[in-house]
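Q: Got a structure here, written out as C-alpha cells. Questions coming.
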Amino acid sequence: MNKRAVLISLLLISVMVPSCAVVFDKLYGESKPRERVVANLPENHIDYWQDVKPVLEQRCVVCHSCYDAACQLKMTAIEGIERGATKAQVYDATRITHAPLTRLFEDGISTAQWREKGFFPVLNEHDQNRTANEQASLMYQVLALKEKHPLPQTEILSDDFTFGYEREQICPTPNEMELYTKQNPLWGMPYALPSLASSEQATLKTWLSQGAYYTAREPLSQAYLTEIEKWEDFLNGPSRKKQLTNRYIYEHLFLANIYFEELTEKGQAPQFFKLIRSSTAPGTPPEQIATRRPYDDPKVSRVYYRLVPMLEAVVSKSHLPYALNAWRMNRWHELFVAPKFEVNSMPHYSPEVAANPFASFHAIPMESRYKFMLDEAHFIIDNFIKGPVCRGQVAVNVIRDHFWVFFVNPDLPINYKLAKEIDIYADALELPSAQDDIFMPLSNWVKYSKKAKKTSELKNQFIIENFVSEKEAGAKIDLDIIWSGQSEGREHNQSAALTVFRHYDNASVYKGLFGDEPQTAWVIDYPLLEKIYYLLVAGYDVYGNVGHQLLSRLYMDFLRMDGEDMFLDFLPENTRKELLAQWYSDSDEKLIDYLYDPEFYKYVGTSVSYSTGKHQTQLYEKLKKHLGQSVNTSRSITQIKPANIQAALSKLSQFKGESVALLSELSLVEITQSGGDSIYVSLLKNNAHKSITSMFSEDAELWPEKHNISVLNGIGGSYPNTFMQVNADNIDAWVKRLLTMKTEEDYASMMSDYGIRRTHPKFWAFSDRIHAYIQTNNAIEAGFLDYNRLENR
C-alpha cells in the first residue's frame, strides 16, 4: 500500500469540516437531488445519448464499472452518475460483518435513496446555473484538473501515482475537492491515463455546464414486448411443478445478460435483458424483490419472474450472454414440462434448504437439471469466472493458471441411479453459503473437510455398489463416460471442452482446448457442477464478511480436488498417485492420502488403453478425438493467416522457464499489416505451481522452471495488463526479443520499442481499435475491457 496515499487519506479525513459545504450552500443554494430527465432538451444542449454516452463508455467505463468501480462511481448508466460516489468499498477482505447492499437499480431507485445510503453527488445538486454546474460538480472539477495538469511526458509514471486493483482509493466529496487538488494535482481524470481529446473534453464539460440533462430512454418496440410476454408466460405457470422449475431456472440465470436471438441482427449488439424476481405479475410494472442472494426469502406470497431491459453498458468482466430462442423454449419444455414428476409442496426459503440445491430441487429429475446446465456449460463455468467471487489473488489462487475442463456424459445409466439416491448427498453437500456472517472460518473449514470426505466416500461406495457388477477387480472406466457434446438439437455442443486461464488476480474461460498440455484437468459431473455454482455464484455474497469470503475460498479447494480426482480415474492406477504427488509436491502427505482412495481403485480401473509411458499426454489426445467437432478451434493460432505470422507466433511455445515471469499476466498485441487488417492476439502467462493449497504463500509454491505462455487468436481476458503493437514485417524480430529476454531491463527495452504504455500519446486510438475489433469479431459477447490492471513499467 502506498504510504503517501494512506497519509493523504488520513489527512482528508482529519481536516474535513463543513466550511466548504456552507460556502457552496451560501453561493449556490441548498444541495438536494435534482430532476435531470427532461421531455425535450433545450436548444443547443448536448445530447447525452448521442454525444456524451459514447465518450463515457470509451474513456470512463474502462475504470468505472461493476463492483470494483473506483469509489463505486458506476458510469455504465446515467443513473450511476446521478447516484454518485462513496468512500465505502464493495470488495473489502477485512470487514467483520457483512456490508449494506449497494447494487445499482436494485438497492436504491432514486437519487434521494442513495444519498441516505451515504453516496455523495458528482454532479451539481445546488442551484442550476453555469457557475454552480462547474464549481460544485466533482465530475467537472476532475476533468478540469486533468486539463490543467496533464500526464508528465515520460514512459513510466512516478510514485506520485498508485496502481493496481488494490490501490488506496481517495474519494473526495465536492466539498473536499480543493484539498484533493492541492495534494494530488496529477490525479485528474482519466486517472493515470492520457487526457481526453479536446473534442471529447469539450463535449463532457459543456454537458456538465448545461446541467447534465438528458431525455428518457426510448421505449421497447412491440417486437420485444411480444417476446417478453411469451417468455414471462412460460416462466410464471401457476402449478407447483412450474413454480419450482422456474425458481430453478431463475437461480441459474440471475446474472445472465439475456437476449432474444430471433430479434438480433447478425453482427449487431443485442438488446439485453435481466431476469428478476418481482412481487407483481406479468402485465403490470415489475417491482423487483432485492435480496442478498437469489434464493433468499422474497417475503411475498407469490414470486413472479420478469424480464426487464438491461440499462447499463456491457462490460467484458461481467458479461454473461444467454440466448432465448425457439430451440430454448422447446428444450425447456422437454426438460421440465414433459417429464412426469410431482411437487407436493414448495421448498421453503430457510438457508438450510434454499442454499442446498440438492434439497430444494430434489423433485426435479436430476438428468433434467444436469442437461439444463450442460446445454450452456460455458455460460455456467463463466459464471464462476465473471461473477463477483472471482476478483483478487486470494480469490483465484484456488485454481491453477491453465487447465482443461470436461464433463460426465448425462446419458449414462449410472446417472439415473444416482438421481434416485441423490438424497444421500443432501446433508453432506451443505455449502458455506447456508450461513450468514462467519466468524470462525478455520473451525468451519474442519467441519466442511469432514463433510467433503464423507461426500467422496459416499460417492465412491455408490459407484462400487452400482457400477461394479461384483466386488472384484475388473470394472472399467472408459471414455464413454465423458460427454462428447452430443445433445438433443445440437450435434456438436462446443461447451463440452473448455480451457480456463488464471491471470493472477482474475481469470477467463474459453470454448476449446488451448495452450500446451496443461498440468491438470477437471472432469465435472452434475453434483460437482451444482456445488461449485451454488458456492461461487448463487451463494456467494460479495458484501459478506471476511469469514464468508475466506471459507468460500477454502471450500473450493475440495471441489477443485474432486474435479481433478475424476480426471485421474481415467489413468492407470500407478499413474494416478504419481500425478497427485506432482500436482501437490509441496503438500503434506496427509493431503495425498486424503485424495487417494485405494479401496475405490481396488474395484474400479480404466479401460483406456495406453501404448507409451506418457499416459496423461495420451489421455488428452484420446479425449480430443472422442470429442471431435465439439472441440472449438477459433482461438487457435492455426486460424491466423498469413502463414509467416502464424509460424512466428508458434515459436512462442518455446518461451518457457524463469524468464516467463518478466511478462505481464495478459498482453494484448496488435499486429499491423500494410494494406491489410490488423491481427490481434493475446499472450497469457502461465505460472506453474508445485501446489495450490496455500492461500497466502503462493510465491513459495511457484515452480519457475515450468512457467510457459499460451497464445490465443483474438482478444482474451477482460483485464489487460499490457498493450503491444508490432508491424508484421518485424514479427520475427519481436518474437526473438521475447524469447531472449533475461532481465527487467530487457523487458523495459522491448516495451519501449513495441509497447503501448498507459502514457503513450496514441493510447486511446489503440484502445478504440481494440474495442472496435471486439465488437466486429463477436457483437454478442463484446464488452468494454477494464483498465485498472494496466502496468506502469
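Chains: A, B, ... in order of the C-alpha cells. Residues: from 1 per chain. Ligands: from 1, in order shown.
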Env of region 162-174 of chain A: 6 Å cut, atoms = only C-alpha atoms, seq-sep filter 5 positions within chain, self excluded. Answer as number ranges by chain.
A: A: 71, 87, 138, 788-789
Q: Kindly indicate which residue among A:Ala772, A:Ile731, A:Ala700, A:Ala765 lies nearest to Ala647 (chain A), using only C-alpha atoms for the distances.
A: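 Distance minimum relative to Ala647 (chain A) lands on A:Ile731.
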Q: Ranking A:Gly387, A:Asp297, A:Ile381, A:Tyr180 by minimum distance to Leu528 (chain A) and counting only C-alpha atoms, which one comes first?
A: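 Smallest separation from Leu528 (chain A) among the options: A:Ile381.
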Q: Can you pull out every residue from region 212-399 of chain A that DSSP, working from the backbone, puts in helix (DSSP H, G or I), and format the result as a ChimeraX atom specification?
A: /A:222-234,240-253,261-263,316-318,326-337,351-354,357-360,366-375,377-386,393-396
Q: Choose the residue, out of A:Ala728, A:Ala648, A:Leu225, A:Leu668, that has the smallest atom-to-atom separation from Ile770 (chain A); count only C-alpha atoms.
A: A:Leu668
Q: Let's see if you can do this: from backbone DSSP, list all strand (DSSP E or B) residues in region 242-444 of chain A, as a list in words.
A: Asn257, Ile258, Tyr259, Phe260, Phe273, Lys274, Leu275, Ile276, Arg277, Ser278, Gln288, Tyr304, Tyr305, Arg306, Leu307, Val308, Pro309, Val315, Pro321, Tyr322, Ala323, Leu324, His402, Phe403, Trp404, Val405, Phe406, Phe407 and Val408 of chain A
Q: So that I have them on file, write out the residues from the current selection with C-alpha atoms, as a compact mmCIF listing (two decimals), in the first residue's frame.
A:
```txt
# COMPACT_ATOMS: atom_id res chain seq x y z
CA ASN A 257 -27.47 -10.89 -19.91
CA ILE A 258 -30.40 -12.37 -21.80
CA TYR A 259 -31.15 -11.58 -25.44
CA PHE A 260 -33.75 -12.69 -27.97
CA PHE A 273 -32.43 -8.11 -20.50
CA LYS A 274 -32.18 -9.24 -16.89
CA LEU A 275 -34.35 -11.93 -15.29
CA ILE A 276 -35.60 -10.68 -11.92
CA ARG A 277 -37.91 -11.75 -9.13
CA SER A 278 -40.88 -9.42 -8.88
CA GLN A 288 -38.01 -6.12 -8.16
CA TYR A 304 -43.12 -13.69 -10.42
CA TYR A 305 -40.19 -13.90 -12.83
CA ARG A 306 -39.96 -10.88 -15.11
CA LEU A 307 -37.70 -9.74 -17.94
CA VAL A 308 -36.55 -6.12 -17.72
CA PRO A 309 -34.19 -4.20 -20.04
CA VAL A 315 -18.51 -4.68 -19.75
CA PRO A 321 -24.82 -13.54 -22.64
CA TYR A 322 -27.62 -16.10 -22.79
CA ALA A 323 -29.90 -16.59 -25.79
CA LEU A 324 -33.65 -17.16 -25.68
CA HIS A 402 -4.08 -23.24 -17.02
CA PHE A 403 -6.29 -26.32 -17.11
CA TRP A 404 -8.87 -28.08 -19.27
CA VAL A 405 -12.43 -29.00 -18.29
CA PHE A 406 -14.53 -31.98 -19.41
CA PHE A 407 -17.96 -33.19 -18.30
CA VAL A 408 -19.56 -36.51 -17.41
```
